[in-house]
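Trainee: Below is one structure. I have some questions about it.
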Amino acid sequence: MLRTEPNSGQDNEPGLKPDKQASDLKPDKQASRPRWPALLLQDRFAFAAALVLVAVAVCAVLGPLLVGDLATRQNLRDPGRPPFSLDHGWAYVLGSDSLGRPVAARLIAAAGTTMSVAVPAVLCSLVVGSIWGMWAGFHGGWRENVSLRIADVILSFPSLLLAVVVLYVFAPSAAAIVLVLSVARIPVYLRTARAESAELRSRLFMDAARTFGTGSWASIRRHVAPTVLPTLLTVAALDFCFVMLTESSLSFLGIGIQPPDVSWGLMVAQGRQELSSAWWIAVFPGLAIVVTTVSATVLAAWARLSTDPGQRWRHGLPGRRRMLRRRAAADRGAKASVPVDEREAAASTRAVEHDTAAPGRIVGHDGHDGHDGHDSTGPGPALGHGTTAPVPASARPEPDALVVEGLCVDIHTPAGPAAVVRGVSFSVRSGETLALLGESGCGKSMTAHAVAGLLDPAAEVVGGQARLDGDDLLALSGRSRRRLAGPGLGIVFQDALSALNPVHTVGAQLAEPFRIHERLSRRAARAKAVDLMERVGIPEAHSRAGAYPHQFSGGMRQRLLIAMAVALRPKVLLADEPTTALDVTVQAQIMDLLGELRGEQRMALVLITHDLGLVSDHADRVAVMYAGTVVETGPVATVFGKPNHPYTRGLLESVPAEQHKGARLSSIPGSPPDPRSVPTGCAFRTRCPMAREVCATHRPTLIATGADRAAACHFGKELADA
Amino acid sequence: MFIMLRRRAVSSVIPLLVVVLGVFFLARLTGDPANLYLPLSATPEMRAEFAARNGFDQPLVSQFGDYVAQVARLDFGESLRTAQPAGEAALRAFPATLQLAGWTMLLAIMGAVVIGSLAAYRPNSATDRIASFLSSTAASVPDFWFAIMGVLVFAVTLGWLPTSGTNGATAWVLPVATLLIRPFGVLVQVVRGAMVSALSAPYVKVARSKGASEGRVVFGHALRNAAAPVLTVAGDLAVGLVNGAVVVETIFGWPGIGKLMIDSVLQRDFAVLQAAVLVTALVIFALNILVDICHALLDPRVRLRAAA
């Protein structure tokens, strides 16, 4: 059967998307991962399920002691006794059947039968199937092909039918059922184990193991088995349900467990005869099956989640998120800007100064020593001062197209929210290119996605504003925001292959903006799409409009993506690493195209990148980001010429350049902080050569350090004057 | 595309042949059919005569040779019970199963797409949790018990629905519902999973960045990308419906292929069993091809990969 995997995004830069970030944030397995019993206790559902299974197991083991011969002893004087009466002892609490046998005792006895079939069957197929599968996947080639073919053959035959036919040959018995079911289920494990170990085979450490001459079985045992086992156990839990259900179906049909043995399925079959007079005979054994299988399913689901912690919270924790959103909205109402990070305040021993979230360009700012930082986050006027009256009109020919202020974004993790964007402020004018420069994981893409309203469910804007022509994008309703998506704000994504929908023609995708916003007919929108393709330099646009994204080269795909983003002539274009996935010559072409379009349409371009070269070649101004905040802004030439923040300086020094020839290339010591444990005060202080005591206690705010420049460093002025 | 289909057809013929072969030999191991059809007092001569008349005294190999020749002529031999052509019995029984299964799959897929998409739209929301719990419960409820509970409540107690038969629309409710629960439960989870990953794909963000409405995002962009795994699983579940059909048809007296197979096994009616199994295997074979065609129609990459 053909399986088409949904496109998985290939992000060249990890740590940008929330899910990527999530994997970065994954707690160190050894250190902080709670042990599984503790985890089990946390999840009430799973815990209840585990209790049920334990109870069934106890009944199965101790059943003979508990019930003795009660389950089979007939009592014809008193048949069909109704349930829920303790007059005749506990065994009759669920009534008795037509032969006077107590249902409760029979249920317990049947648990033993069920387990004696299900456990060996699951174990057999698990052991045989997984070893076979690991072997096939490890070796590949013909062994793999033949194994998969055999699995196909077994699976292509309905298993109940197989069992029906085989059981008739061998005469129904528990052993025969175990045999049939384990044969029928081997392919399931085989396929799973093969897939996982074939993937491992392609990894490097397996090559290394082979180079050392480790034998194949030793390699499987040492490297493959531990990795594959968790998945297989989950499969086994689900398989347990399947085996139980099949056994009870067979028993019900009369070709499984035979009387006088007791089985839940058999009990249902017996109860069926007296459905109208004694409902309890059929109802209780059925309930027993349902409760047991549902418990196994719940436990399997829990096991899957707890072996992959990313799964659960990658998609967000909605209750909490709604709460936070409400809080953020309230904050927004109360103050003009909400850069205050309460969690950080709580975590810190002293009152940590919060970013006053001053916008990118500040000429004068009096909060120099940082002590009044918190206070200056006051209502309207103080902030207005920072934003609207910063620069003489002559220096600002164009109005600001986009102003972002104090933007805060959290990612929700099981360990609590992680602040990945902590008060980012910048602004960009029409016709200008602002580069948002920073390392992987500094929050620059998250900033762009937040502004565009495209955060993943696990991430959430918890404060700040993003004003486009006076509208706060972050406060808009869905509908008015959609109206701006396209004509107001366009965004170009990093990986063009996954950003284009693989199942629609590019023509249809390019026509979509016109269909949505201008309500054009299919034909007219298509014509505009073709024009657009020509505009961005796609040859033979007319005929290629009917092609699919995977039929284009990487550069062409990026052109298509840009065309889509600029289709409605947006005022602001966010370009999120638009060239990272491309080779150098194509990179230049794409950047030229973006530059042309910017000039033509008087767009404001926000270029998100980690590439210093790209910034110096194509941007007018730059905002350098570190650990979720802007640490320095200003015109590219002056910032790069004389950085006013030690981080910017470190970045520039780590670039190979003519003047460093022969010298050792320097790099910034250490690595960017984990968003959950950003150092108090200045986030950069732990890596900073200039760090003093004040850096640990006071968080520096963006303060003006020169014409149209600002840096968030306690020593920014010194650096500027030096 | 035709190249792909041809390749698929060739590779699915092998399981088909193995199945037919296996059933032929297994069925002949179930014992001497004479034991079932002749009275216990039958003399050895009578048994021998019975075997000779039906070809059971021949070596297995030559019985198989005859069988293959007959199958090639679509002649499956005669039913030992009714002396009617076995193929006819199987073909007569099949439409009833096909109708039952068709309605079931249609309802299961439609329902699962709606509920699974709703659940995936807000992962971990209350809707999602409820849908996930109910669907996993549905997938683990034993169908025979569900059927009997249905009979107990709606037929015995309330008297709204008949307990068995095929007459009238009401007769369809319980069989379809019983057959439905498992595929429905599984499909809801598959749709949910596929939609969660489709909805978090970059192209969905791009669609939103174009101002697409949520309906357009979910149904125009995400759903079609999520269709591939759903289709694959739906195909497997449709094959698995044969399992359910055996149970459902037995309980509700539905004159379909499942009941025919169980009856013929219980009565050691070789010819009918073979015919029924072969017809089923052929339908499964056709179904697999159909699923592949749907894959190719839904995803241009499949079409082109096949052509390459």
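Note on naming: chains are A, B, ... as they come in the structure tokens, residues start from 1 per chain, ligands start from 1 in the order shown.
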Could you list, as a list in words, every residue within 6 Å of stretch 72-86 of chain B, counting only C-alpha atoms and ignoring same-chain residues fewer than 6 positions away?
Mentor: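 The neighbour list is Asp269, Ala271, Val272 and Ala275 of chain B.
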Trainee: For stretch 191-203 of chain B, work out the shell of residues within 6 Å, counting only C-alpha atoms and skipping chain neighbours fewer than 4 positions away, then give it as a PyMOL selection string.
Mentor: (chain A and resi 498-501) or (chain B and resi 116-117+120+187+222+226+230)
Trainee: Leaving out A:Ser654 and any residue of its chain fewer than 4 positions from it, which residues lie within 9 Å of it when counting only C-alpha atoms, given as number ranges by chain?
Mentor: A: 649-650, 665-668
Trainee: Report the residues of stretch 470-651 of chain A whose backbone DSSP state falls under helix (DSSP H, G or I), written as a ChimeraX atom specification.
Mentor: /A:478-484,496-499,506-517,522-535,541-544,549-551,554-566,584-601,612-618,636-641,646-651
Trainee: Write out as a ChimeraX atom specification the residues lying within 8 Å of B:Val291, counting only C-alpha atoms and excluding same-chain residues fewer than 2 positions away.
Mentor: /B:231-232,235,287-289,293-295
Trainee: Just want the 12 Å neighbourhood of A:Leu62, counted on only C-alpha atoms, with same-chain residues fewer than 2 positions away dropped. Output as a PyMOL selection string.
Mentor: chain A and resi 54-60+64-68+105+108-112
Trainee: How would the residues just picked look written out with all heavy atoms as a compact mmCIF listing (two decimals), in the first residue's frame?
Mentor:
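Output file out05.txt is given in full below:
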```txt
# COMPACT_ATOMS: atom_id res chain seq x y z
N VAL A 54 -4.26 -4.36 36.53
CA VAL A 54 -3.71 -5.10 37.66
C VAL A 54 -4.80 -5.99 38.28
O VAL A 54 -4.57 -7.16 38.58
CB VAL A 54 -3.12 -4.13 38.71
CG1 VAL A 54 -2.81 -4.85 40.01
CG2 VAL A 54 -1.87 -3.46 38.17
N ALA A 55 -6.00 -5.42 38.42
CA ALA A 55 -7.10 -6.19 38.99
C ALA A 55 -7.39 -7.42 38.14
O ALA A 55 -7.58 -8.53 38.67
CB ALA A 55 -8.35 -5.30 39.10
N VAL A 56 -7.41 -7.24 36.83
CA VAL A 56 -7.67 -8.38 35.94
C VAL A 56 -6.57 -9.43 36.10
O VAL A 56 -6.84 -10.63 36.19
CB VAL A 56 -7.77 -7.92 34.47
CG1 VAL A 56 -7.85 -9.11 33.54
CG2 VAL A 56 -9.00 -7.04 34.28
N ALA A 57 -5.34 -8.94 36.19
CA ALA A 57 -4.22 -9.87 36.34
C ALA A 57 -4.33 -10.63 37.66
O ALA A 57 -4.11 -11.85 37.72
CB ALA A 57 -2.89 -9.11 36.26
N VAL A 58 -4.70 -9.92 38.72
CA VAL A 58 -4.84 -10.57 40.02
C VAL A 58 -5.94 -11.63 39.96
O VAL A 58 -5.77 -12.77 40.42
CB VAL A 58 -5.14 -9.52 41.12
CG1 VAL A 58 -5.60 -10.20 42.39
CG2 VAL A 58 -3.91 -8.68 41.39
N CYS A 59 -7.07 -11.26 39.35
CA CYS A 59 -8.15 -12.24 39.19
C CYS A 59 -7.67 -13.46 38.42
O CYS A 59 -8.02 -14.60 38.74
CB CYS A 59 -9.32 -11.62 38.42
SG CYS A 59 -10.24 -10.46 39.40
N ALA A 60 -6.87 -13.19 37.38
CA ALA A 60 -6.41 -14.29 36.56
C ALA A 60 -5.52 -15.23 37.36
O ALA A 60 -5.63 -16.46 37.26
CB ALA A 60 -5.65 -13.75 35.35
N PRO A 64 -8.51 -19.20 40.61
CA PRO A 64 -8.83 -20.54 41.10
C PRO A 64 -8.98 -20.59 42.62
O PRO A 64 -9.87 -21.26 43.14
CB PRO A 64 -7.63 -21.38 40.65
CG PRO A 64 -7.06 -20.63 39.52
CD PRO A 64 -7.33 -19.18 39.78
N LEU A 65 -8.14 -19.83 43.35
CA LEU A 65 -8.23 -19.80 44.80
C LEU A 65 -9.52 -19.11 45.26
O LEU A 65 -10.16 -19.51 46.22
CB LEU A 65 -7.04 -19.05 45.39
CG LEU A 65 -5.69 -19.77 45.31
CD1 LEU A 65 -4.59 -18.85 45.82
CD2 LEU A 65 -5.75 -21.04 46.14
N LEU A 66 -9.87 -18.06 44.54
CA LEU A 66 -11.01 -17.25 44.95
C LEU A 66 -12.33 -17.98 44.74
O LEU A 66 -13.20 -17.98 45.60
CB LEU A 66 -11.03 -15.94 44.17
CG LEU A 66 -10.11 -14.83 44.64
CD1 LEU A 66 -10.10 -13.69 43.64
CD2 LEU A 66 -10.57 -14.32 45.99
N VAL A 67 -12.47 -18.55 43.56
CA VAL A 67 -13.79 -19.07 43.20
C VAL A 67 -13.91 -20.58 43.35
O VAL A 67 -15.02 -21.09 43.41
CB VAL A 67 -14.18 -18.66 41.76
CG1 VAL A 67 -14.31 -17.16 41.69
CG2 VAL A 67 -13.19 -19.18 40.77
N GLY A 68 -12.78 -21.27 43.40
CA GLY A 68 -12.88 -22.73 43.51
C GLY A 68 -13.69 -23.29 42.35
O GLY A 68 -13.48 -22.90 41.20
N ALA A 105 -18.50 -15.08 39.84
CA ALA A 105 -17.44 -16.08 39.94
C ALA A 105 -16.96 -16.50 38.56
O ALA A 105 -15.76 -16.69 38.31
CB ALA A 105 -17.94 -17.28 40.72
N ILE A 108 -14.61 -13.95 37.09
CA ILE A 108 -13.24 -14.04 37.62
C ILE A 108 -12.51 -15.21 37.00
O ILE A 108 -11.35 -15.09 36.57
CB ILE A 108 -13.28 -14.14 39.15
CG1 ILE A 108 -13.77 -12.81 39.73
CG2 ILE A 108 -11.90 -14.50 39.71
CD1 ILE A 108 -13.96 -12.83 41.22
N ALA A 109 -13.21 -16.33 36.89
CA ALA A 109 -12.57 -17.49 36.28
C ALA A 109 -12.20 -17.21 34.82
O ALA A 109 -11.14 -17.62 34.33
CB ALA A 109 -13.50 -18.69 36.37
N ALA A 110 -13.10 -16.47 34.13
CA ALA A 110 -12.86 -16.18 32.71
C ALA A 110 -11.67 -15.25 32.53
O ALA A 110 -11.00 -15.30 31.50
CB ALA A 110 -14.11 -15.58 32.09
N ALA A 111 -11.41 -14.38 33.53
CA ALA A 111 -10.24 -13.51 33.43
C ALA A 111 -8.98 -14.35 33.25
O ALA A 111 -8.09 -14.01 32.46
CB ALA A 111 -10.13 -12.64 34.68
N GLY A 112 -8.94 -15.48 33.98
CA GLY A 112 -7.80 -16.38 33.85
C GLY A 112 -7.68 -16.92 32.43
O GLY A 112 -6.59 -16.93 31.84
```
Trainee: Give me the residues near stretch 177-184 of chain A as an MDAnalysis selection string, where near means some atom within 7 Å (using only C-alpha atoms) and where sequence neighbours in that chain fewer than 4 positions away do not count.
Mentor: chainID A and resid 117 120:122 124:125 154 159 163 173 243 256
Trainee: Could you jot down the atom CA of A:Asp410 to atom CA of A:Gly443 separation for me, Å, one decimal place?
Mentor: 10.3 Å
Trainee: Would you work out the distance separating atom CA of B:Val279 from atom CA of B:Ile14, expressed in Å to one decimal?
Mentor: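 Computing the Euclidean distance for atom CA of B:Val279 and atom CA of B:Ile14 yields 15.4 Å.
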Trainee: May I have the residues within 12 Å of stretch 715-720 of chain A as an MDAnalysis selection string, using only C-alpha atoms and disregarding those fewer than 5 positions away in the same chain?
Mentor: chainID A and resid 368:370 631:633 638:639 641:649 682 685 688:692 694:695 700:707 709:710
Trainee: Could you check which of B:Val114, B:Leu91, B:Ala212, B:Leu179 is closest to B:Val247, using only C-alpha atoms?
Mentor: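 Among the listed residues, the smallest separation from B:Val247 belongs to B:Leu179.
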